[in-house]
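Colleague: Following this line is upload_20.csv, made up of CSV, C-alpha atoms (C1' of nucleotides):
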chain,number,residue,atom,x,y,z
A,1,MET,CA,0.0,0.0,0.0
A,2,SER,CA,1.4,3.3,-1.0
A,3,ALA,CA,0.8,4.8,2.4
A,4,ASN,CA,1.1,8.6,2.8
A,5,SER,CA,2.0,10.8,5.8
A,6,ARG,CA,-0.7,13.4,5.3
A,7,LEU,CA,-2.8,12.4,8.3
A,8,THR,CA,0.3,12.2,10.4
A,9,VAL,CA,1.5,15.7,9.4
A,10,ALA,CA,-1.9,17.2,9.7
A,11,ALA,CA,-2.4,15.9,13.2
A,12,HIS,CA,1.1,17.0,14.1
A,13,ALA,CA,0.5,20.6,12.8
A,14,LEU,CA,-2.9,21.0,14.6
A,15,THR,CA,-1.5,19.5,17.8
A,16,TRP,CA,1.4,21.9,17.6
A,17,ILE,CA,-0.8,24.9,17.2
A,18,GLY,CA,-3.0,23.7,20.0
A,19,LEU,CA,-0.1,23.4,22.4
A,20,TYR,CA,1.4,26.7,21.3
A,21,GLN,CA,-1.8,28.5,21.9
A,22,ARG,CA,-2.3,26.9,25.2
A,23,ARG,CA,1.1,28.3,26.2
A,24,GLY,CA,-0.3,31.8,25.6
A,25,HIS,CA,0.6,32.6,22.0
A,26,GLU,CA,-2.0,34.0,19.6
A,27,VAL,CA,-1.0,32.5,16.3
A,28,ALA,CA,1.5,30.0,14.9
A,29,THR,CA,3.4,30.5,11.7
A,30,SER,CA,3.8,27.9,9.0
A,31,GLU,CA,7.6,28.2,9.4
A,32,GLN,CA,7.4,27.3,13.1
A,33,ILE,CA,5.2,24.4,12.4
A,34,ALA,CA,7.4,23.3,9.5
A,35,ALA,CA,10.4,23.4,11.8
A,36,SER,CA,8.8,20.9,14.2
A,37,VAL,CA,7.5,18.6,11.4
A,38,ASN,CA,10.8,18.9,9.5
A,39,THR,CA,9.4,19.9,6.2
A,40,ASN,CA,8.9,22.9,4.0
A,41,PRO,CA,6.5,25.7,5.1
A,42,VAL,CA,4.6,25.4,1.9
A,43,VAL,CA,3.7,21.8,2.7
A,44,ILE,CA,2.2,23.0,5.9
A,45,ARG,CA,0.3,25.9,4.4
A,46,ARG,CA,-1.2,23.6,1.8
A,47,LEU,CA,-2.4,21.1,4.4
A,48,LEU,CA,-3.7,23.8,6.7
A,49,ALA,CA,-5.5,25.4,3.8
A,50,GLU,CA,-7.5,22.1,3.4
A,51,LEU,CA,-8.1,22.0,7.1
A,52,ARG,CA,-9.4,25.5,7.1
A,53,LYS,CA,-11.8,24.6,4.3
A,54,ALA,CA,-13.1,21.9,6.6
A,55,GLY,CA,-13.5,24.3,9.5
A,56,LEU,CA,-10.8,23.0,11.7
A,57,ALA,CA,-8.2,25.8,11.4
A,58,GLU,CA,-8.2,29.6,10.7
A,59,SER,CA,-5.6,31.9,9.4
A,60,GLN,CA,-4.8,35.6,9.7
A,61,ARG,CA,-2.9,37.5,7.0
A,62,GLY,CA,-0.8,40.6,7.1
A,63,ALA,CA,1.9,41.4,9.6
A,64,GLY,CA,1.7,39.1,12.7
A,65,ALA,CA,-0.1,36.6,10.6
A,66,GLY,CA,-0.4,32.9,11.3
A,67,TRP,CA,-2.6,30.0,12.1
A,68,MET,CA,-5.1,29.2,14.9
A,69,LEU,CA,-7.4,26.4,15.7
A,70,ALA,CA,-11.0,26.9,14.8
A,71,ARG,CA,-12.1,24.6,17.7
A,72,ASP,CA,-10.6,23.2,20.8
A,73,LEU,CA,-8.3,20.1,20.4
A,74,ALA,CA,-10.9,18.1,22.3
A,75,ALA,CA,-13.5,18.9,19.6
A,76,ILE,CA,-11.4,17.6,16.7
A,77,THR,CA,-11.2,13.9,16.0
A,78,LEU,CA,-8.8,12.2,13.7
A,79,LEU,CA,-11.8,11.3,11.5
A,80,ASP,CA,-12.4,15.1,11.1
A,81,VAL,CA,-8.8,15.5,10.0
A,82,TYR,CA,-8.9,12.5,7.8
A,83,ARG,CA,-12.0,13.6,6.0
A,84,ALA,CA,-10.6,17.1,5.5
A,85,ILE,CA,-7.5,15.9,3.7
A,86,GLU,CA,-8.3,12.5,2.2
A,87,PRO,CA,-11.0,12.7,-0.3
A,88,GLY,CA,-10.4,9.2,-1.8
A,89,PRO,CA,-11.0,5.7,-0.6
A,90,VAL,CA,-8.4,3.4,0.8
A,91,PHE,CA,-9.0,0.7,-1.8
A,92,ALA,CA,-9.7,1.2,-5.5
A,93,LEU,CA,-11.5,-0.9,-8.0
A,94,HIS,CA,-9.8,-1.8,-11.3
A,95,ARG,CA,-7.9,0.9,-13.1
A,96,ALA,CA,-9.4,-0.2,-16.4
A,97,ALA,CA,-12.9,-1.6,-16.3
A,98,PRO,CA,-12.9,-5.5,-16.3
A,99,ASN,CA,-14.5,-7.5,-19.1
A,100,PRO,CA,-18.3,-7.0,-18.7
A,101,GLU,CA,-19.0,-10.2,-20.8
A,102,CYS,CA,-17.4,-12.3,-18.1
A,103,VAL,CA,-19.6,-13.2,-15.1
A,104,VAL,CA,-16.8,-12.3,-12.7
A,105,GLY,CA,-15.7,-9.2,-14.6
A,106,HIS,CA,-19.3,-8.0,-14.5
A,107,GLY,CA,-20.1,-8.6,-10.9
A,108,ILE,CA,-16.8,-8.2,-9.0
A,109,GLY,CA,-17.0,-4.4,-8.9
A,110,PRO,CA,-20.3,-4.1,-6.9
A,111,ALA,CA,-19.2,-7.0,-4.7
A,112,MET,CA,-15.9,-5.4,-3.7
A,113,THR,CA,-17.5,-2.0,-3.4
A,114,ALA,CA,-19.8,-3.4,-0.8
A,115,VAL,CA,-16.9,-4.8,1.2
A,116,TYR,CA,-14.9,-1.6,0.9
A,117,GLU,CA,-17.7,0.5,2.2
A,118,GLN,CA,-17.8,-1.7,5.3
A,119,VAL,CA,-14.0,-1.4,5.7
A,120,GLU,CA,-14.1,2.4,5.3
A,121,ALA,CA,-16.9,2.5,7.9
A,122,ALA,CA,-14.8,0.5,10.4
A,123,LEU,CA,-11.8,2.7,9.7
A,124,SER,CA,-13.9,5.8,10.3
A,125,ARG,CA,-15.3,4.5,13.6
A,126,GLU,CA,-11.8,3.8,14.7
A,127,LEU,CA,-10.4,7.3,13.8
A,128,ALA,CA,-13.4,8.9,15.4
A,129,ARG,CA,-12.5,7.4,18.7
A,130,THR,CA,-9.4,9.6,19.1
A,131,THR,CA,-9.4,13.4,19.5
A,132,LEU,CA,-6.4,15.6,19.1
A,133,GLU,CA,-6.7,16.2,22.8
A,134,ASP,CA,-6.0,12.5,23.3
A,135,VAL,CA,-3.0,12.8,20.9
A,136,LEU,CA,-1.6,15.7,22.8
A,137,ARG,CA,-2.0,13.9,26.1
A,138,ASP,CA,0.0,10.9,24.7
A,139,VAL,CA,2.6,13.3,23.4
A,140,LEU,CA,3.1,15.0,26.7
A,141,LYS,CA,3.1,11.7,28.5
A,142,ALA,CA,6.0,10.5,26.4
A,143,ALA,CA,8.1,13.7,27.2
B,1,MET,CA,-5.1,8.4,-0.3
B,2,SER,CA,-3.1,6.8,-3.1
B,3,ALA,CA,-5.5,3.8,-3.3
B,4,ASN,CA,-4.4,0.9,-5.3
B,5,SER,CA,-6.4,-1.9,-7.0
B,6,ARG,CA,-4.2,-4.8,-6.0
B,7,LEU,CA,-6.7,-6.3,-3.6
B,8,THR,CA,-9.4,-5.9,-6.1
B,9,VAL,CA,-7.4,-7.6,-8.9
B,10,ALA,CA,-6.1,-10.3,-6.6
B,11,ALA,CA,-9.7,-11.1,-5.4
B,12,HIS,CA,-10.9,-11.0,-9.0
B,13,ALA,CA,-8.2,-13.5,-10.1
B,14,LEU,CA,-8.7,-16.0,-7.3
B,15,THR,CA,-12.5,-15.8,-7.7
B,16,TRP,CA,-12.2,-16.4,-11.4
B,17,ILE,CA,-9.9,-19.4,-10.9
B,18,GLY,CA,-12.4,-20.8,-8.3
B,19,LEU,CA,-15.3,-20.5,-10.6
B,20,TYR,CA,-13.4,-21.9,-13.6
B,21,GLN,CA,-12.3,-24.9,-11.6
B,22,ARG,CA,-15.9,-25.4,-10.3
B,23,ARG,CA,-16.9,-25.7,-13.9
B,24,GLY,CA,-14.7,-28.6,-14.4
B,25,HIS,CA,-11.4,-27.2,-15.6
B,26,GLU,CA,-8.1,-28.2,-14.1
B,27,VAL,CA,-6.0,-25.0,-14.4
B,28,ALA,CA,-6.5,-21.4,-15.5
B,29,THR,CA,-3.9,-19.5,-17.5
B,30,SER,CA,-2.7,-16.0,-16.7
B,31,GLU,CA,-3.9,-15.0,-20.1
B,32,GLN,CA,-7.5,-16.1,-19.5
B,33,ILE,CA,-7.5,-14.3,-16.1
B,34,ALA,CA,-6.0,-11.2,-17.6
B,35,ALA,CA,-8.8,-11.2,-20.3
B,36,SER,CA,-11.4,-11.0,-17.5
B,37,VAL,CA,-9.5,-8.5,-15.4
B,38,ASN,CA,-8.7,-6.5,-18.6
B,39,THR,CA,-5.0,-6.2,-17.9
B,40,ASN,CA,-1.6,-7.7,-18.9
B,41,PRO,CA,-1.0,-11.4,-18.2
B,42,VAL,CA,2.3,-10.4,-16.5
B,43,VAL,CA,0.4,-8.3,-14.0
B,44,ILE,CA,-1.6,-11.4,-13.1
B,45,ARG,CA,1.4,-13.7,-12.9
B,46,ARG,CA,3.2,-11.2,-10.6
B,47,LEU,CA,0.2,-11.0,-8.3
B,48,LEU,CA,-0.5,-14.7,-8.3
B,49,ALA,CA,3.2,-15.4,-7.5
B,50,GLU,CA,2.7,-13.4,-4.3
B,51,LEU,CA,-0.4,-15.3,-3.5
B,52,ARG,CA,1.4,-18.6,-4.1
B,53,LYS,CA,4.1,-17.5,-1.6
B,54,ALA,CA,1.3,-17.0,0.9
B,55,GLY,CA,-0.1,-20.5,0.2
B,56,LEU,CA,-3.3,-19.3,-1.5
B,57,ALA,CA,-2.5,-20.4,-5.1
B,58,GLU,CA,-0.5,-23.0,-6.9
B,59,SER,CA,0.9,-23.1,-10.4
B,60,GLN,CA,2.0,-25.8,-12.8
B,61,ARG,CA,4.6,-25.3,-15.4
B,62,GLY,CA,5.3,-26.9,-18.8
B,63,ALA,CA,2.7,-27.6,-21.4
B,64,GLY,CA,-0.9,-27.4,-20.2
B,65,ALA,CA,0.4,-25.2,-17.4
B,66,GLY,CA,-1.6,-22.8,-15.4
B,67,TRP,CA,-3.0,-21.8,-12.0
B,68,MET,CA,-5.1,-23.5,-9.3
B,69,LEU,CA,-6.4,-22.6,-5.9
B,70,ALA,CA,-4.4,-24.0,-3.0
B,71,ARG,CA,-7.6,-24.0,-0.9
B,72,ASP,CA,-11.3,-23.7,-1.4
B,73,LEU,CA,-12.7,-20.3,-1.9
B,74,ALA,CA,-14.6,-20.6,1.4
B,75,ALA,CA,-11.2,-21.0,3.1
B,76,ILE,CA,-9.7,-17.8,1.8
B,77,THR,CA,-10.7,-14.5,3.4
B,78,LEU,CA,-10.0,-11.1,2.0
B,79,LEU,CA,-7.7,-10.6,4.9
B,80,ASP,CA,-5.6,-13.6,3.7
B,81,VAL,CA,-5.4,-11.9,0.3
B,82,TYR,CA,-4.6,-8.5,1.7
B,83,ARG,CA,-1.8,-9.8,3.9
B,84,ALA,CA,-0.4,-11.7,0.9
B,85,ILE,CA,-0.1,-8.7,-1.3
B,86,GLU,CA,0.1,-5.6,1.0
B,87,PRO,CA,3.2,-5.6,3.1
B,88,GLY,CA,2.9,-2.0,4.2
B,89,PRO,CA,0.6,-0.1,6.5
B,90,VAL,CA,-2.3,2.1,5.3
B,91,PHE,CA,-1.0,5.2,7.1
B,92,ALA,CA,2.7,6.3,7.3
B,93,LEU,CA,4.5,8.4,9.7
B,94,HIS,CA,6.6,11.4,8.6
B,95,ARG,CA,8.8,10.9,5.6
B,96,ALA,CA,11.6,12.7,7.3
B,97,ALA,CA,11.9,12.3,11.1
B,98,PRO,CA,10.4,15.3,12.9
B,99,ASN,CA,12.4,17.6,15.2
B,100,PRO,CA,13.2,15.6,18.3
B,101,GLU,CA,13.9,18.7,20.3
B,102,CYS,CA,10.3,19.7,20.0
B,103,VAL,CA,7.9,18.1,22.5
B,104,VAL,CA,5.4,17.4,19.7
B,105,GLY,CA,8.0,16.3,17.2
B,106,HIS,CA,9.4,13.9,19.8
B,107,GLY,CA,6.1,12.4,21.0
B,108,ILE,CA,3.9,12.4,17.9
B,109,GLY,CA,5.3,9.3,16.3
B,110,PRO,CA,4.5,6.9,19.1
B,111,ALA,CA,1.2,8.5,19.6
B,112,MET,CA,0.1,8.1,16.0
B,113,THR,CA,1.6,4.6,15.8
B,114,ALA,CA,-0.7,3.5,18.6
B,115,VAL,CA,-3.7,4.9,16.8
B,116,TYR,CA,-2.7,3.4,13.5
B,117,GLU,CA,-2.3,-0.1,15.0
B,118,GLN,CA,-5.9,0.1,16.2
B,119,VAL,CA,-7.0,1.2,12.8
B,120,GLU,CA,-5.2,-1.6,11.0
B,121,ALA,CA,-6.7,-4.1,13.5
B,122,ALA,CA,-10.2,-2.8,12.7
B,123,LEU,CA,-9.5,-3.0,9.0
B,124,SER,CA,-8.2,-6.6,9.4
B,125,ARG,CA,-11.3,-7.6,11.4
B,126,GLU,CA,-13.5,-6.3,8.6
B,127,LEU,CA,-11.6,-7.9,5.8
B,128,ALA,CA,-11.6,-11.2,7.7
B,129,ARG,CA,-15.4,-11.3,7.7
B,130,THR,CA,-15.6,-11.9,4.0
B,131,THR,CA,-14.4,-15.0,2.2
B,132,LEU,CA,-14.0,-15.4,-1.6
B,133,GLU,CA,-16.9,-17.7,-1.4
B,134,ASP,CA,-19.0,-14.8,-0.2
B,135,VAL,CA,-17.6,-12.7,-3.1
B,136,LEU,CA,-18.4,-15.3,-5.6
B,137,ARG,CA,-21.9,-15.6,-4.3
B,138,ASP,CA,-22.4,-11.9,-4.7
B,139,VAL,CA,-20.9,-12.0,-8.1
B,140,LEU,CA,-23.3,-14.7,-9.3
B,141,LYS,CA,-26.3,-13.0,-7.7
B,142,ALA,CA,-25.6,-9.9,-9.7
B,143,ALA,CA,-25.5,-11.9,-13.0
C,1,DT,C1',11.6,-32.4,-30.2
C,2,DT,C1',7.8,-29.4,-30.0
C,3,DC,C1',5.0,-26.0,-28.0
C,4,DG,C1',2.2,-23.5,-24.7
C,5,DT,C1',2.8,-21.5,-20.3
C,6,DT,C1',5.2,-19.9,-16.3
C,7,DG,C1',9.1,-17.1,-14.0
C,8,DT,C1',11.3,-13.1,-14.0
C,9,DA,C1',14.1,-9.2,-15.5
C,10,DA,C1',14.1,-4.7,-17.5
C,11,DC,C1',12.1,-0.8,-19.0
C,12,DT,C1',8.4,2.7,-19.6
C,13,DT,C1',4.2,5.1,-18.2
C,14,DT,C1',1.1,7.0,-15.0
C,15,DT,C1',-0.2,8.8,-10.7
C,16,DT,C1',0.3,10.8,-6.2
C,17,DC,C1',2.8,12.8,-2.7
C,18,DT,C1',6.4,15.7,-1.3
C,19,DG,C1',9.7,19.4,-1.7
C,20,DT,C1',11.2,23.8,-3.5
C,21,DT,C1',11.2,28.4,-5.6
C,22,DA,C1',8.9,32.4,-6.6
C,23,DC,C1',6.0,36.2,-6.1
C,24,DG,C1',1.7,38.7,-5.5
C,25,DA,C1',-1.7,39.9,-1.7
C,26,DT,C1',-2.6,41.2,2.8
C,27,DG,C1',-2.8,44.1,6.8
C,28,DA,C1',-0.8,45.5,11.4
C,29,DA,C1',2.9,48.6,13.0
C,30,DG,C1',5.3,52.6,12.9
D,1,DC,C1',1.4,55.6,3.7
D,2,DT,C1',5.5,52.8,3.7
D,3,DT,C1',7.5,48.8,5.5
D,4,DC,C1',7.7,44.0,6.2
D,5,DA,C1',6.5,39.4,7.9
D,6,DT,C1',3.4,36.2,6.6
D,7,DC,C1',-0.1,34.0,3.9
D,8,DG,C1',-2.0,32.2,-0.7
D,9,DT,C1',-1.0,29.9,-4.6
D,10,DA,C1',1.0,28.7,-8.9
D,11,DA,C1',4.6,26.2,-11.1
D,12,DC,C1',7.9,22.9,-11.5
D,13,DA,C1',11.1,19.1,-9.9
D,14,DG,C1',11.9,14.8,-7.5
D,15,DA,C1',10.7,10.4,-5.4
D,16,DA,C1',8.2,6.4,-4.9
D,17,DA,C1',4.8,3.0,-6.1
D,18,DA,C1',1.6,0.8,-9.2
D,19,DA,C1',0.7,-0.7,-13.5
D,20,DG,C1',1.7,-1.8,-18.3
D,21,DT,C1',4.7,-3.8,-21.8
D,22,DT,C1',8.3,-6.5,-24.0
D,23,DA,C1',11.4,-10.1,-24.0
D,24,DC,C1',13.2,-14.5,-23.2
D,25,DA,C1',14.9,-18.5,-20.6
D,26,DA,C1',12.9,-22.5,-18.1
D,27,DC,C1',9.9,-26.0,-17.8
D,28,DG,C1',7.4,-30.3,-18.8
D,29,DA,C1',3.6,-32.9,-21.0
D,30,DA,C1',2.6,-34.7,-25.4
What is this file in structure tokens?

Modeller:
Amino acid sequence: MSANSRLTVAAHALTWIGLYQRRGHEVATSEQIAASVNTNPVVIRRLLAELRKAGLAESQRGAGAGWMLARDLAAITLLDVYRAIEPGPVFALHRAAPNPECVVGHGIGPAMTAVYEQVEAALSRELARTTLEDVLRDVLKAA
Amino acid sequence: MSANSRLTVAAHALTWIGLYQRRGHEVATSEQIAASVNTNPVVIRRLLAELRKAGLAESQRGAGAGWMLARDLAAITLLDVYRAIEPGPVFALHRAAPNPECVVGHGIGPAMTAVYEQVEAALSRELARTTLEDVLRDVLKAA
DNA sequence: TTCGTTGTAACTTTTTCTGTTACGATGAAG
DNA sequence: CTTCATCGTAACAGAAAAAGTTACAACGAA
């Protein structure tokens, strides 16, 4: 599976902002966040832009600009983050449509789709069980 | 998510072999299977080679060669197939290690790993609930 | 010996994520 | 009303994996 790190980085960024704000700061810059994640600030801005569209983050422009949480860490689940940044499903059907004249080729798509929907539902239930507050608690416990 | 169709194609191939054998044939060739999946025979051979390593399929060489199931369709779950062809996890941690001097950068890896293990477990449970016999039944029902 | 099929290497194409550079837009501060 | 730090975003390069393709040696039943 060509796994990606988008959910990890998004959770990292939001958790970082949450902790930073909890320590009395107004806004966090993409450069600060990128320094913690160890990546390029543009990568962070792109991800946070998607999270803003989903109503999880907010940004200010101009001098003293930066990023804030739109809601408390406890009100953001990993499912919220996942849905904000991963539009596609985990499993895909055939790249090219299978032979419709073959019984299996004809029926396999709907059959697998039904299974994949159950899998996505289970995955969603699991991601919904953890909030970013839980993540931050684990992070601070490890320190 | 960079979804891939490997599980779909593998399930398709095994189900096709199962149905073909059930209709009285000894072996199925990669060319026949590829015609149903609508792909290149080498793609099928590569996938089936991995399934053979996992003990799900068998092959004969020489003239009249081809592929057979190593066990009945009812004894193969989608989890078996998934494990045979997908070595990696669904979610990845950071590509480059985050800043270890930052509290979040230091603790986020273990925290997310714990979550991802729960997610993979849920995904496995769900895939284990469906056998290829179930898939074939759905396929034939749709015909 | 023939011949159809597997086994596998090698290469190309496609796709997605990631990293990087560049620069206009914004808006608070002075 | 100028300055300047930061966002917003386009554009492109690089990396990695899946998928497609070609080629050919190895095999083994007939």

Colleague: Can you tell me, as a PyMOL selection string, which residues sit within 8 Å of (-13.7, -21.4, -6.8) in the file's frame, using all atoms listed in the file?

Modeller: chain B and resi 14-22+69+72-73+132-133+136

Colleague: Pull out every residue of chain B that has at least one atom within 12 Å of chain C, counting only C-alpha atoms (C1' of nucleotides), and report them as a ChimeraX atom specification.

Modeller: /B:1-4,27-32,41-46,48-49,58-67,92,94-96

Colleague: Sorted by chain and rising residue number, which residues of chain D lie within 6 Å of chain A, and what are their closest atom pairs and distances in Å to one decimal, counting all atoms listed in the file, as a Markdown table?

Modeller:
| residue | atom | partner | partner_atom | distance |
| --- | --- | --- | --- | --- |
| D:DA5 | C1' | A:Ala63 | CA | 5.3 |
| D:DT6 | C1' | A:Ala65 | CA | 5.3 |
| D:DC7 | C1' | A:Arg61 | CA | 5.4 |

Colleague: Work out how far apart atom CA of Gln118 of chain B and atom CA of Ala34 of chain A are and give it in Å to one decimal.

Modeller: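 Atom CA of Ala34 of chain A lies at a distance of 27.6 Å from atom CA of Gln118 of chain B.
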
Colleague: Show me, as a PyMOL selection string, every residue of chain A with an atom at most 6 Å from chain B, counting only C-alpha atoms.

Modeller: chain A and resi 1+3-5+8+36-38+86+88+90-94+98-99+105+107-108+111+119+123+126+138-139+142

Colleague: Kindly complete segment 62-92 of chain A to N, CA and C atoms; the output should be written as a compact mmCIF listing (two decimals), in the frame of the given file.

Modeller:
# COMPACT_ATOMS: atom_id res chain seq x y z
N GLY A 62 -1.45 39.33 6.71
CA GLY A 62 -0.80 40.60 7.10
C GLY A 62 0.33 40.37 8.05
N ALA A 63 0.82 41.48 8.62
CA ALA A 63 1.90 41.40 9.60
C ALA A 63 1.37 40.71 10.86
N GLY A 64 2.19 39.90 11.50
CA GLY A 64 1.70 39.10 12.70
C GLY A 64 0.73 38.10 12.30
N ALA A 65 0.83 37.64 11.07
CA ALA A 65 -0.10 36.60 10.60
C ALA A 65 0.24 35.27 11.11
N GLY A 66 -0.64 34.28 10.84
CA GLY A 66 -0.40 32.90 11.30
C GLY A 66 -1.63 32.12 11.39
N TRP A 67 -1.51 30.98 12.05
CA TRP A 67 -2.60 30.00 12.10
C TRP A 67 -3.12 29.79 13.51
N MET A 68 -4.43 29.55 13.60
CA MET A 68 -5.10 29.20 14.90
C MET A 68 -5.98 28.04 14.68
N LEU A 69 -6.36 27.42 15.79
CA LEU A 69 -7.40 26.40 15.70
C LEU A 69 -8.76 27.03 15.63
N ALA A 70 -9.65 26.42 14.89
CA ALA A 70 -11.00 26.90 14.80
C ALA A 70 -11.86 26.35 15.95
N ARG A 71 -11.42 25.20 16.51
CA ARG A 71 -12.10 24.60 17.70
C ARG A 71 -11.04 24.06 18.59
N ASP A 72 -11.47 23.75 19.78
CA ASP A 72 -10.60 23.20 20.80
C ASP A 72 -10.07 21.79 20.29
N LEU A 73 -8.86 21.43 20.72
CA LEU A 73 -8.30 20.10 20.40
C LEU A 73 -9.27 18.98 20.73
N ALA A 74 -9.97 19.14 21.82
CA ALA A 74 -10.90 18.10 22.30
C ALA A 74 -12.08 17.93 21.35
N ALA A 75 -12.32 18.94 20.51
CA ALA A 75 -13.50 18.90 19.60
C ALA A 75 -13.09 18.51 18.20
N ILE A 76 -11.85 18.05 18.03
CA ILE A 76 -11.40 17.60 16.70
C ILE A 76 -10.97 16.17 16.78
N THR A 77 -11.64 15.30 16.06
CA THR A 77 -11.20 13.90 16.00
C THR A 77 -10.32 13.64 14.82
N LEU A 78 -9.62 12.52 14.87
CA LEU A 78 -8.80 12.20 13.70
C LEU A 78 -9.62 11.90 12.49
N LEU A 79 -10.87 11.51 12.70
CA LEU A 79 -11.80 11.30 11.50
C LEU A 79 -12.03 12.68 10.87
N ASP A 80 -12.22 13.73 11.68
CA ASP A 80 -12.40 15.10 11.10
C ASP A 80 -11.21 15.44 10.23
N VAL A 81 -10.02 15.17 10.77
CA VAL A 81 -8.80 15.50 10.00
C VAL A 81 -8.69 14.67 8.77
N TYR A 82 -8.95 13.38 8.92
CA TYR A 82 -8.90 12.50 7.80
C TYR A 82 -9.80 12.88 6.67
N ARG A 83 -11.03 13.19 7.00
CA ARG A 83 -12.00 13.60 6.00
C ARG A 83 -11.62 14.90 5.33
N ALA A 84 -10.93 15.75 6.09
CA ALA A 84 -10.60 17.10 5.50
C ALA A 84 -9.46 16.94 4.49
N ILE A 85 -8.64 15.91 4.61
CA ILE A 85 -7.50 15.90 3.70
C ILE A 85 -7.41 14.65 2.82
N GLU A 86 -8.28 13.66 3.05
CA GLU A 86 -8.30 12.50 2.20
C GLU A 86 -9.59 12.26 1.54
N PRO A 87 -9.74 12.78 0.34
CA PRO A 87 -11.00 12.70 -0.30
C PRO A 87 -11.30 11.25 -0.83
N GLY A 88 -10.24 10.52 -1.17
CA GLY A 88 -10.40 9.20 -1.80
C GLY A 88 -10.52 8.06 -0.87
N PRO A 89 -10.91 6.92 -1.37
CA PRO A 89 -11.00 5.70 -0.60
C PRO A 89 -9.66 5.03 -0.40
N VAL A 90 -9.59 4.11 0.56
CA VAL A 90 -8.40 3.40 0.80
C VAL A 90 -8.08 2.38 -0.31
N PHE A 91 -9.13 1.68 -0.73
CA PHE A 91 -9.00 0.70 -1.80
C PHE A 91 -9.66 1.18 -3.06
N ALA A 92 -9.09 0.82 -4.19
CA ALA A 92 -9.70 1.20 -5.50
C ALA A 92 -10.13 0.01 -6.23
